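Have a look at my_file-v1.txt; it's compact mmCIF, C-alpha atoms:
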```
# COMPACT_ATOMS: atom_id res chain seq x y z
CA GLU B 1 -89.99 122.53 -56.08
CA ASP B 2 -89.60 119.73 -58.61
CA LYS B 3 -86.12 118.30 -58.79
CA VAL B 4 -84.12 115.37 -60.07
CA VAL B 5 -80.83 114.22 -58.60
CA GLN B 6 -78.54 111.74 -60.32
CA SER B 7 -75.65 109.83 -58.85
CA PRO B 8 -72.85 109.37 -59.29
CA LEU B 9 -72.00 112.47 -61.31
CA SER B 10 -69.18 110.63 -63.03
CA LEU B 11 -67.99 107.07 -63.27
CA VAL B 12 -65.02 105.34 -64.86
CA VAL B 13 -65.18 101.60 -65.52
CA HIS B 14 -63.48 99.03 -67.72
CA GLU B 15 -65.03 97.17 -70.59
CA GLY B 16 -67.08 94.24 -69.40
CA ASP B 17 -68.02 95.83 -66.09
CA THR B 18 -71.63 96.27 -65.01
CA VAL B 19 -72.75 99.72 -63.91
CA THR B 20 -75.79 101.07 -62.10
CA LEU B 21 -76.81 104.68 -62.46
CA ASN B 22 -79.21 106.24 -59.99
CA CYS B 23 -81.92 108.83 -60.32
CA SER B 24 -84.06 110.16 -57.48
CA TYR B 25 -86.82 112.66 -57.97
CA GLU B 26 -89.44 114.89 -56.45
CA VAL B 27 -92.19 116.04 -58.79
CA THR B 28 -95.75 117.19 -58.42
CA ASN B 29 -98.24 114.69 -59.85
CA PHE B 30 -95.65 112.33 -61.32
CA ARG B 31 -96.43 111.14 -64.83
CA SER B 32 -93.29 109.49 -66.17
CA LEU B 33 -89.52 109.22 -65.90
CA LEU B 34 -87.29 109.18 -68.96
CA TRP B 35 -83.69 108.19 -69.56
CA TYR B 36 -81.61 109.72 -72.33
CA LYS B 37 -78.08 109.08 -73.61
CA GLN B 38 -76.00 112.03 -74.77
CA GLU B 39 -72.78 111.60 -76.74
CA LYS B 40 -71.45 115.11 -77.44
CA LYS B 41 -74.59 115.97 -79.36
CA ALA B 42 -78.34 115.89 -78.89
CA PRO B 43 -79.76 113.52 -76.25
CA THR B 44 -81.26 110.34 -77.62
CA PHE B 45 -84.15 108.58 -75.95
CA LEU B 46 -83.56 105.30 -74.10
CA PHE B 47 -86.54 104.48 -71.90
CA MET B 48 -89.72 105.86 -70.48
CA LEU B 49 -91.04 104.45 -67.21
CA THR B 50 -94.46 105.07 -65.77
CA SER B 51 -95.19 102.08 -63.53
CA SER B 52 -93.31 100.73 -60.55
CA GLY B 53 -91.54 97.40 -60.73
CA ILE B 54 -91.78 96.87 -64.49
CA GLU B 55 -88.35 96.54 -66.03
CA LYS B 56 -87.71 98.07 -69.42
CA LYS B 57 -84.94 96.36 -71.35
CA SER B 58 -83.05 97.08 -74.52
CA GLY B 59 -80.05 94.89 -75.20
CA ARG B 60 -77.54 95.37 -72.41
CA LEU B 61 -79.45 98.29 -70.92
CA SER B 62 -82.32 97.97 -68.48
CA SER B 63 -84.19 100.30 -66.19
CA ILE B 64 -86.75 100.10 -63.43
CA LEU B 65 -88.82 102.57 -61.47
CA ASP B 66 -89.81 102.63 -57.79
CA LYS B 67 -92.63 105.14 -57.36
CA LYS B 68 -92.87 104.54 -53.63
CA GLU B 69 -89.24 105.41 -52.96
CA LEU B 70 -89.12 107.93 -55.84
CA PHE B 71 -86.14 106.63 -57.74
CA SER B 72 -85.07 104.80 -60.84
CA ILE B 73 -81.95 102.90 -61.81
CA LEU B 74 -80.35 102.35 -65.18
CA ASN B 75 -78.23 99.22 -65.49
CA ILE B 76 -75.69 98.57 -68.20
CA THR B 77 -74.16 95.10 -68.32
CA ALA B 78 -70.99 94.06 -70.15
CA THR B 79 -70.11 97.69 -70.82
CA GLN B 80 -68.39 98.67 -74.06
CA THR B 81 -66.42 101.79 -74.98
CA GLY B 82 -69.40 102.87 -77.07
CA ASP B 83 -71.43 103.20 -73.86
CA SER B 84 -69.28 106.18 -72.87
CA ALA B 85 -71.68 109.11 -72.67
CA VAL B 86 -73.63 111.32 -70.32
CA TYR B 87 -76.81 109.62 -69.14
CA LEU B 88 -79.64 111.97 -68.34
CA CYS B 89 -82.68 111.27 -66.22
CA ALA B 90 -85.79 113.45 -66.48
CA VAL B 91 -89.27 113.46 -64.99
CA VAL B 92 -92.54 114.98 -66.08
CA GLY B 93 -95.69 115.65 -64.11
CA HIS B 94 -99.28 115.72 -65.21
CA ASN B 95 -100.72 118.98 -66.49
CA GLN B 96 -97.31 120.59 -66.84
CA GLY B 97 -97.28 121.00 -70.59
CA GLY B 98 -94.92 118.10 -71.03
CA LYS B 99 -92.05 119.92 -69.33
CA LEU B 100 -89.13 117.65 -68.53
CA ILE B 101 -87.14 118.31 -65.36
CA PHE B 102 -83.63 117.00 -65.93
CA GLY B 103 -81.03 115.82 -63.48
CA GLN B 104 -77.39 116.88 -63.78
CA GLY B 105 -76.47 113.75 -65.66
CA THR B 106 -73.98 110.95 -65.00
CA GLU B 107 -70.87 110.98 -67.13
CA LEU B 108 -69.84 107.40 -67.84
CA SER B 109 -66.42 106.62 -69.23
CA VAL B 110 -65.69 103.05 -70.28
CA LYS B 111 -62.00 102.26 -70.69
CA PRO B 112 -60.76 99.47 -72.97
CA ASN R 1 -88.08 113.46 -92.52
CA ALA R 2 -85.46 115.66 -90.85
CA GLY R 3 -86.91 115.55 -87.30
CA VAL R 4 -85.90 118.66 -85.35
CA THR R 5 -83.58 121.12 -87.03
CA GLN R 6 -81.83 124.14 -85.51
CA THR R 7 -79.94 127.04 -86.98
CA PRO R 8 -77.27 128.20 -86.60
CA LYS R 9 -75.01 125.41 -85.29
CA PHE R 10 -72.46 127.86 -83.89
CA GLN R 11 -72.58 131.57 -83.08
CA VAL R 12 -70.30 134.08 -81.42
CA LEU R 13 -71.80 137.32 -80.17
CA LYS R 14 -70.51 140.38 -78.41
CA THR R 15 -72.16 141.49 -75.19
CA GLY R 16 -75.29 143.49 -75.97
CA GLN R 17 -75.88 142.05 -79.43
CA SER R 18 -79.14 140.35 -80.26
CA MET R 19 -79.89 137.20 -82.19
CA THR R 20 -82.60 134.65 -82.84
CA LEU R 21 -82.15 130.89 -82.73
CA GLN R 22 -84.42 129.07 -85.11
CA CYS R 23 -86.01 125.67 -84.58
CA ALA R 24 -88.32 123.65 -86.81
CA GLN R 25 -89.82 120.18 -86.58
CA ASP R 26 -91.51 118.12 -89.27
CA MET R 27 -93.16 115.51 -87.03
CA ASN R 28 -96.42 117.42 -86.61
CA HIS R 29 -95.81 117.66 -82.87
CA ASN R 30 -97.88 120.01 -80.79
CA SER R 31 -95.33 120.81 -78.11
CA MET R 32 -91.92 122.44 -78.47
CA TYR R 33 -89.23 123.37 -75.96
CA TRP R 34 -86.03 125.33 -75.60
CA TYR R 35 -83.30 124.15 -73.21
CA ARG R 36 -79.86 125.32 -72.35
CA GLN R 37 -77.10 122.99 -71.23
CA ASP R 38 -74.18 124.10 -69.12
CA PRO R 39 -71.40 121.90 -67.74
CA GLY R 40 -72.51 119.95 -64.67
CA MET R 41 -76.06 121.31 -64.79
CA GLY R 42 -77.92 118.99 -67.10
CA LEU R 43 -80.59 120.53 -69.31
CA ARG R 44 -82.62 123.45 -68.03
CA LEU R 45 -85.88 124.50 -69.61
CA ILE R 46 -85.98 128.09 -70.83
CA TYR R 47 -89.42 128.31 -72.45
CA TYR R 48 -91.88 125.88 -73.86
CA SER R 49 -94.96 125.90 -76.04
CA ALA R 50 -97.49 123.21 -75.19
CA SER R 51 -99.44 123.93 -78.35
CA GLU R 52 -99.52 126.39 -81.21
CA GLY R 53 -100.40 129.84 -79.95
CA THR R 54 -99.23 129.32 -76.37
CA THR R 55 -95.89 129.84 -74.68
CA ASP R 56 -94.85 129.52 -71.06
CA LYS R 57 -91.77 130.20 -68.99
CA GLY R 58 -89.59 127.38 -67.87
CA GLU R 59 -86.92 127.27 -65.21
CA VAL R 60 -84.56 129.96 -66.58
CA PRO R 61 -86.50 132.39 -68.80
CA ASN R 62 -84.76 135.67 -67.90
CA GLY R 63 -83.03 137.33 -70.83
CA TYR R 64 -84.94 135.35 -73.44
CA ASN R 65 -88.10 135.63 -75.49
CA VAL R 66 -89.80 133.07 -77.69
CA SER R 67 -92.20 132.98 -80.60
CA ARG R 68 -94.26 130.02 -81.70
CA LEU R 69 -94.51 131.13 -85.30
CA ASN R 70 -96.68 128.21 -86.37
CA LYS R 71 -96.98 124.54 -85.49
CA ARG R 72 -93.59 123.75 -87.02
CA GLU R 73 -91.44 126.59 -85.80
CA PHE R 74 -90.38 127.85 -82.38
CA SER R 75 -87.74 130.57 -82.15
CA LEU R 76 -85.69 131.79 -79.21
CA ARG R 77 -84.49 135.39 -79.08
CA LEU R 78 -81.74 136.97 -77.05
CA GLU R 79 -82.40 140.72 -77.04
CA SER R 80 -79.17 141.78 -75.37
CA ALA R 81 -76.73 138.92 -75.04
CA ALA R 82 -74.68 138.52 -71.87
CA PRO R 83 -71.65 136.29 -71.18
CA SER R 84 -73.84 134.27 -68.78
CA GLN R 85 -75.83 133.14 -71.81
CA THR R 86 -72.85 131.31 -73.23
CA SER R 87 -74.20 127.78 -73.49
CA VAL R 88 -75.40 125.03 -75.77
CA TYR R 89 -79.03 125.49 -76.71
CA PHE R 90 -81.29 122.58 -77.61
CA CYS R 91 -84.72 122.68 -79.13
CA ALA R 92 -87.05 119.70 -78.66
CA SER R 93 -90.54 118.64 -79.62
CA SER R 94 -93.03 116.07 -78.41
CA GLU R 95 -96.54 114.86 -79.01
CA LEU R 96 -98.55 115.01 -75.80
CA ARG R 97 -101.72 113.69 -77.32
CA ILE R 98 -100.30 110.19 -77.32
CA PRO R 99 -101.26 109.31 -73.76
CA ILE R 100 -98.48 106.91 -72.96
CA THR R 101 -95.46 108.73 -74.19
CA ASN R 102 -93.74 111.98 -73.48
CA GLU R 103 -90.62 111.28 -75.47
CA GLN R 104 -88.99 114.50 -76.57
CA PHE R 105 -87.01 114.60 -79.78
CA PHE R 106 -84.02 116.92 -79.70
CA GLY R 107 -82.38 119.04 -82.35
CA PRO R 108 -78.59 118.99 -82.87
CA GLY R 109 -77.99 122.04 -80.69
CA THR R 110 -76.57 125.55 -81.13
CA ARG R 111 -73.30 126.38 -79.45
CA LEU R 112 -73.42 130.06 -78.47
CA THR R 113 -70.51 132.07 -77.11
CA VAL R 114 -71.01 135.60 -75.81
CA LEU R 115 -67.82 137.60 -75.44
```

Would you encode the structure as structure tokens?
Amino acid sequence: EDKVVQSPLSLVVHEGDTVTLNCSYEVTNFRSLLWYKQEKKAPTFLFMLTSSGIEKKSGRLSSILDKKELFSILNITATQTGDSAVYLCAVVGHNQGGKLIFGQGTELSVKP
Amino acid sequence: NAGVTQTPKFQVLKTGQSMTLQCAQDMNHNSMYWYRQDPGMGLRLIYYSASEGTTDKGEVPNGYNVSRLNKREFSLRLESAAPSQTSVYFCASSELRIPITNEQFFGPGTRLTVL
């Protein structure tokens, strides 16, 4: 059965801290892994990863995929209160109609 | 260009009532999805439509039906609502023909309470 597990489930840090969010997965015929940010509304897309070892970067956020060990990490450096959100990891396999299998999410709270 | 729109934004039902959640996208995407989100459980796929004219069950389809009315619209129907269907419902769409992306675009969500 396809599944995605995120850790930790929740995290509280102070502004300026660096955080690492984890996502491990099992999926038939892996195609890609996606990270989303959700702030009390619809999820918004952050990254899509398909190849191992290639870092995707956007400002203070970066992510990398390890297809051998079946996990991905999302790093946020110099956190700000605006980074407070639920971060969702999802995977999709080939020939599955584009279905995303989501993890439970990591709730990040950044304190001033 | 509104992206993905959903109606209604909020709804309260009594047990046994029926209702339809509407979703439309204006991005000419082939694939559309319905998810529900419950606390601590992430997003779970209810039904999806890989292309116009096809629908398939997702992870939690029981108690729901869907209709892919045309390429733009994908509705979700609760025939006899139950308190266990209290949730936030998200519709999403994506374009699978682009080979290197599977980004899904989400609607704003419908918060449904079943009493």

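Counting from atom CA of Ala85 of chain B, the distance to atom CA of Ala92 of chain R is 19.6 Å.
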
Would you work out the distance separating atom CA of Tyr89 of chain R from atom CA of Phe106 of chain R, expressed in Å to one decimal?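 That distance, rounded to one decimal, is 10.4 Å.
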
For atom CA of Leu49 of chain B and atom CA of Trp35 of chain B, the interatomic separation in Å (one decimal): 8.6 Å

Please provide the set of residues having any atom within 7 Å of segment 99-110 of chain B, restricted to all atoms listed in the file, with same-chain residues fewer than 3 positions apart removed, written as a ChimeraX atom specification. /B:3-15,79-81,83-92,96 /R:40-44

Calculated over only C-alpha atoms, which of the candidates R:Ser84, R:Ser31, R:Pro39, R:Gln104 has the smallest distance to Lys40 of chain B?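 Nearest candidate to Lys40 of chain B out of R:Ser84, R:Ser31, R:Pro39, R:Gln104: R:Pro39.
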
Can you list, as a VMD selection string, every protein, DNA or RNA residue that comes within 10 Å of segment 66-68 of chain B when you count all atoms listed in the file, leaving out same-chain residues fewer than 5 positions away? chain B and resid 24 to 25 30 32 to 33 49 to 54 73

Could you write out as a PyMOL selection string the residues of chain R within 10 Å of chain B, counting only C-alpha atoms? chain R and resi 31-33+35+37-45+47-51+55-56+58-59+88-96+100-110

Hey, which of R:Gln22, R:Gly3, R:Ala81, R:Thr86 ends up closest to Arg68 of chain R? Count all atoms listed in the file.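 Between R:Gln22, R:Gly3, R:Ala81, R:Thr86, the residue approaching Arg68 of chain R most closely is R:Gln22.
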
Measuring atom to atom with only C-alpha atoms, identify which of B:Ala78, B:Ser72, B:Lys111, B:Glu1 is nearest to Glu26 of chain B.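 Distance minimum relative to Glu26 of chain B lands on B:Glu1.
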
Between R:Gln11, R:Thr54, R:Asn65, R:Thr5, which one has atoms that come closest to Arg111 of chain R, using all atoms listed in the file?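 Using all atoms listed in the file, Arg111 of chain R sits closest to R:Gln11.
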
Select, from B:Glu39, B:Leu65, B:Gly93, B:Thr77, the residue with the minimum atom-to-atom distance to Val27 of chain B, counting only C-alpha atoms.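 Using only C-alpha atoms, the shortest distance to Val27 of chain B belongs to B:Gly93.
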
Using all atoms listed in the file, determine which residues lie at most 6 Å from Asn75 of chain B, disregarding the query and same-chain residues fewer than 5 positions distant; provide the list as an mmCIF file with C-alpha atoms, in the coordinates of the input.
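After the write, out.cif holds the following:
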```cif
data_model
loop_
_atom_site.group_PDB
_atom_site.id
_atom_site.type_symbol
_atom_site.label_atom_id
_atom_site.label_comp_id
_atom_site.auth_asym_id
_atom_site.auth_seq_id
_atom_site.Cartn_x
_atom_site.Cartn_y
_atom_site.Cartn_z
ATOM 1 C CA VAL B 19 -72.750 99.720 -63.910
ATOM 2 C CA THR B 20 -75.790 101.070 -62.100
ATOM 3 C CA LEU B 61 -79.450 98.290 -70.920
ATOM 4 C CA SER B 62 -82.320 97.970 -68.480
#
```

Around segment 64-71 of chain B, with edges along x, y and z and 4 Å added on all six sides, what centre and edge lengths do you get, in Å to one decimal, as lines of an AutoDock Vina configuration file?
```
center_x = -89.5
center_y = 104.0
center_z = -58.2
size_x = 14.7
size_y = 15.8
size_z = 18.5
```

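Restricting the calculation to only C-alpha atoms, the smallest distance between Glu55 of chain B and any of B:Lys37, B:Glu69, B:Leu74, B:Pro112 is found for B:Leu74.
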